[in-house]
Amino acid sequence: MANELIQNLLEALAVSPANIPLRMQVAHMMLQEKMFDEAAGQFSEVLKQSYGNNKAQAGLAECYFQQGKFSAAIIIYEQLYDHLNTGDRVIYIKSLIKENSLQQAIEEYQKLLEQEPGFADEDIDNVLRMSVNSGDLPDDMEGLFGEPDEDASYFMEKPSLRFADVGGMNRVKEEISIKIIQPLKNPDLYKAFGKKAGGGILLYGPPGCGKTFVAKATAGEIDAKFINIGLHDILDMWIGNSEKNLHEIFEMARRNTPCVLFFDEVDAMGASRSDLKQSVMRHVINQFLAELDGVESDNDGVLILAATNAPWSVDPAFRRPGRFDRIIFVEPPDEPARKEILISHLQGKPAGDIDTGKVAAVTTDYSGADLKAIIDIAVEDKLRESLSKGSVQPIHTKDLLKAVKQHRPTTSEWFSSARNYALYANESGLYDDILKYLRIKR
């Protein structure tokens, strides 16, 4: 019902695009419906027409928070500082916590409690209790939230996924097994050859092809803990804090071996140092390299996986032996894998007699995310039909084939860029797998 109302209001906006109150109403409704990308677009459009609109800025900051763009949210909240209501300030404090600016978060929370003595937020209380390292805070703040658990973290988990849950990707799973899994299962054999359990693998390929999924399954396969790290978990506005955050993440992994430490979009952290104008990021990269080398600590049992859509943007220093010394191309799923993915995504949905093999045969180059999008399109069509007929209408093969015509593979753009690198910047043979996939002979 809410989505239908939003659609009606969007149609009204198309007729009256300069109607700011109407656009604000649409944006807030989208925010309530958790349509964060769409809401952010509407708030941004308001700001184009009404620069400095405080409510639109606050709405955009909340969208950024919900999207995990905590640094961007903090910047807006600090610009609006004197105009923040209680709800905005709570999200501002949570953004600071997410960015590991714990001292600043505590100071802001204290100010809020002074102004509103009866106010309490269980989430903030719990996270600060778990995360605060007393030795890093002023004396008058030590112990404010009790004794912290040094390994408490909201991004460490114990996955139940196994390789059997990953459709296809046999070559990728085999290489990960040899490098990461077998050393843990056969330590004596690997020790005889002078090989330790640990090291790094860099997964690269087009987006949506299961790099994160296979990393999680790797942890599940060896019953290890899994820490998924993004750039926003590391970067801090204060000089030196980003390097400290990175070190603490590695230390947490070392305390919890065996542990799979997964860095998503590592090109954002491992960009070529020669391309970086900001010395701050160069310091972060140098810290990252030192942690990978285990200069001051033992990385035995810390299994490091990273993923990137742009391997050509990763500093070559990351690919030296002992760091990410195994580079694996994660290609779009082959036909049997596409069939498995379709079957998996169709589970629990009203489906008739579907020939998933027929659909898999016409979806060459489609990523796992693309296949999910196809099913989502078919589901939406069947929902409309079910509402119109007053009964559940199952999905059939023809519905999926119709959806395939509406959604083209998103990997095409990636391959057009990757092809150029593979042909003209491939002296070491790093991108030979791309050429092999594209059936191009050098």
# chains A, B, ... in the order shown; residues from 1 in each chain; ligands from 1
$ residues_around --residues "range 430-442 of chain A" --least-positions-apart "2" --cutoff "9 Å" --atoms "only C-alpha atoms" --output "list in words"
Gly205, Ile327, Ile328, Phe329, Glu331, Phe415, Ala418, Arg419, Tyr421, Ala422, Leu423, Ala425, Asn426, Glu427 and Ser428 of chain A
$ write_last_selection --atoms "N, CA and C atoms" --output "compact mmCIF listing (two decimals), in the first residue's frame"
# COMPACT_ATOMS: atom_id res chain seq x y z
N GLY A 205 37.29 -10.13 -10.10
CA GLY A 205 36.33 -10.47 -11.14
C GLY A 205 35.19 -9.48 -11.14
N ILE A 327 46.50 -15.03 -6.79
CA ILE A 327 45.48 -14.17 -7.39
C ILE A 327 44.53 -15.06 -8.18
N ILE A 328 43.24 -15.05 -7.83
CA ILE A 328 42.27 -15.98 -8.43
C ILE A 328 41.16 -15.20 -9.13
N PHE A 329 40.94 -15.52 -10.38
CA PHE A 329 39.87 -14.91 -11.16
C PHE A 329 38.55 -15.61 -10.84
N GLU A 331 35.11 -15.89 -12.16
CA GLU A 331 34.34 -15.58 -13.37
C GLU A 331 32.85 -15.72 -13.12
N PHE A 415 33.82 -6.48 -18.27
CA PHE A 415 34.68 -7.20 -19.21
C PHE A 415 35.24 -6.29 -20.29
N ALA A 418 38.18 -4.83 -18.47
CA ALA A 418 39.16 -5.87 -18.15
C ALA A 418 39.87 -6.36 -19.41
N ARG A 419 39.16 -6.41 -20.51
CA ARG A 419 39.75 -6.87 -21.78
C ARG A 419 40.94 -6.00 -22.17
N TYR A 421 42.90 -4.21 -20.17
CA TYR A 421 44.03 -4.48 -19.27
C TYR A 421 44.68 -5.82 -19.62
N ALA A 422 43.83 -6.82 -19.92
CA ALA A 422 44.36 -8.16 -20.22
C ALA A 422 45.18 -8.16 -21.52
N LEU A 423 44.81 -7.29 -22.47
CA LEU A 423 45.51 -7.25 -23.74
C LEU A 423 46.76 -6.36 -23.71
N ALA A 425 48.12 -4.55 -20.70
CA ALA A 425 48.85 -4.32 -19.44
C ALA A 425 48.99 -5.65 -18.70
N ASN A 426 49.48 -6.65 -19.42
CA ASN A 426 49.47 -8.01 -18.89
C ASN A 426 50.83 -8.69 -19.07
N GLU A 427 51.88 -7.90 -18.86
CA GLU A 427 53.23 -8.44 -19.08
C GLU A 427 53.52 -9.68 -18.24
N SER A 428 53.01 -9.69 -17.00
CA SER A 428 53.30 -10.81 -16.09
C SER A 428 52.34 -11.99 -16.28
$ select_by_dssp --residues "range 173-355 of chain A" --states "helix (DSSP H, G or I)" --output "VMD selection string"
chain A and resid 173 to 185 187 to 192 211 to 221 231 to 233 241 to 255 266 to 268 273 to 275 279 to 293 311 to 313 316 to 319 335 to 346
$ atom_distance --atom1 "CA of Tyr92 in chain A" --atom2 "CA of Leu47 in chain A"
20.0 Å
$ residues_around --residues "Pro333 in chain A" --least-positions-apart "6" --cutoff "9 Å" --atoms "only C-alpha atoms" --output "PyMOL selection string"
chain A and resi 167-169+209-210+341+364-368
$ atom_distance --atom1 "CA of Ile201 in chain A" --atom2 "CA of Arg254 in chain A"
17.4 Å
$ residues_around --residues "range 347-352 of chain A" --least-positions-apart "5" --cutoff "8 Å" --atoms "only C-alpha atoms" --output "ChimeraX atom specification"
/A:392-396
$ residues_around --residues "Leu371 in chain A" --least-positions-apart "4" --cutoff "10 Å" --atoms "only C-alpha atoms" --output "short mmCIF file (atom, residue, chain, number, x, y, z; two decimals) with N, CA and C atoms, in the first residue's frame"
data_model
loop_
_atom_site.label_atom_id
_atom_site.label_comp_id
_atom_site.auth_asym_id
_atom_site.auth_seq_id
_atom_site.Cartn_x
_atom_site.Cartn_y
_atom_site.Cartn_z
N GLY A 208 29.20 -9.13 -8.21
CA GLY A 208 28.02 -9.99 -8.12
C GLY A 208 28.25 -11.44 -8.45
N PRO A 333 29.25 -17.38 -13.23
CA PRO A 333 28.98 -18.82 -13.10
C PRO A 333 28.75 -19.48 -14.46
N ARG A 338 24.87 -21.82 -12.94
CA ARG A 338 23.70 -20.93 -13.07
C ARG A 338 22.42 -21.69 -12.73
N LYS A 339 22.37 -22.94 -13.15
CA LYS A 339 21.19 -23.78 -12.85
C LYS A 339 21.06 -23.96 -11.34
N ILE A 341 22.19 -21.97 -8.99
CA ILE A 341 21.84 -20.68 -8.39
C ILE A 341 20.36 -20.40 -8.57
N LEU A 342 19.84 -20.66 -9.76
CA LEU A 342 18.41 -20.45 -10.02
C LEU A 342 17.55 -21.32 -9.09
N HIS A 345 17.62 -19.85 -5.55
CA HIS A 345 16.84 -18.62 -5.37
C HIS A 345 15.33 -18.85 -5.52
N VAL A 359 16.66 -21.88 -18.80
CA VAL A 359 16.98 -20.51 -18.40
C VAL A 359 18.50 -20.34 -18.27
N ALA A 360 19.14 -21.34 -17.68
CA ALA A 360 20.60 -21.28 -17.51
C ALA A 360 21.30 -21.20 -18.86
N THR A 363 21.55 -17.57 -20.29
CA THR A 363 22.03 -16.50 -19.39
C THR A 363 23.56 -16.52 -19.29
N TYR A 366 25.85 -13.96 -17.18
CA TYR A 366 25.06 -13.40 -16.07
C TYR A 366 25.74 -13.76 -14.74
N SER A 367 25.84 -12.78 -13.87
CA SER A 367 26.40 -13.03 -12.53
C SER A 367 25.33 -13.64 -11.64
N ILE A 375 14.93 -13.38 -11.20
CA ILE A 375 13.86 -14.00 -10.40
C ILE A 375 13.02 -12.93 -9.73
N ASP A 376 13.66 -11.87 -9.25
CA ASP A 376 12.92 -10.77 -8.62
C ASP A 376 11.95 -10.13 -9.60
N ILE A 377 12.39 -9.94 -10.85
CA ILE A 377 11.52 -9.35 -11.87
C ILE A 377 10.31 -10.25 -12.12
N LEU A 400 10.43 -16.52 -16.41
CA LEU A 400 11.86 -16.27 -16.23
C LEU A 400 12.52 -15.86 -17.54
N ALA A 403 11.78 -12.33 -18.14
CA ALA A 403 12.60 -11.48 -17.27
C ALA A 403 14.02 -11.36 -17.80
N VAL A 404 14.54 -12.45 -18.42
CA VAL A 404 15.90 -12.41 -19.00
C VAL A 404 15.99 -11.33 -20.07
N HIS A 407 16.42 -7.90 -18.38
CA HIS A 407 17.64 -7.63 -17.57
C HIS A 407 18.85 -8.19 -18.28
N PRO A 409 23.05 -8.79 -18.75
CA PRO A 409 24.12 -9.07 -17.78
C PRO A 409 24.92 -7.82 -17.43
#
$ select_by_dssp --residues "range 199-360 of chain A" --states "strand (DSSP E)" --output "PyMOL selection string"
chain A and resi 199-204+225-229+259-263+302-308+324-329
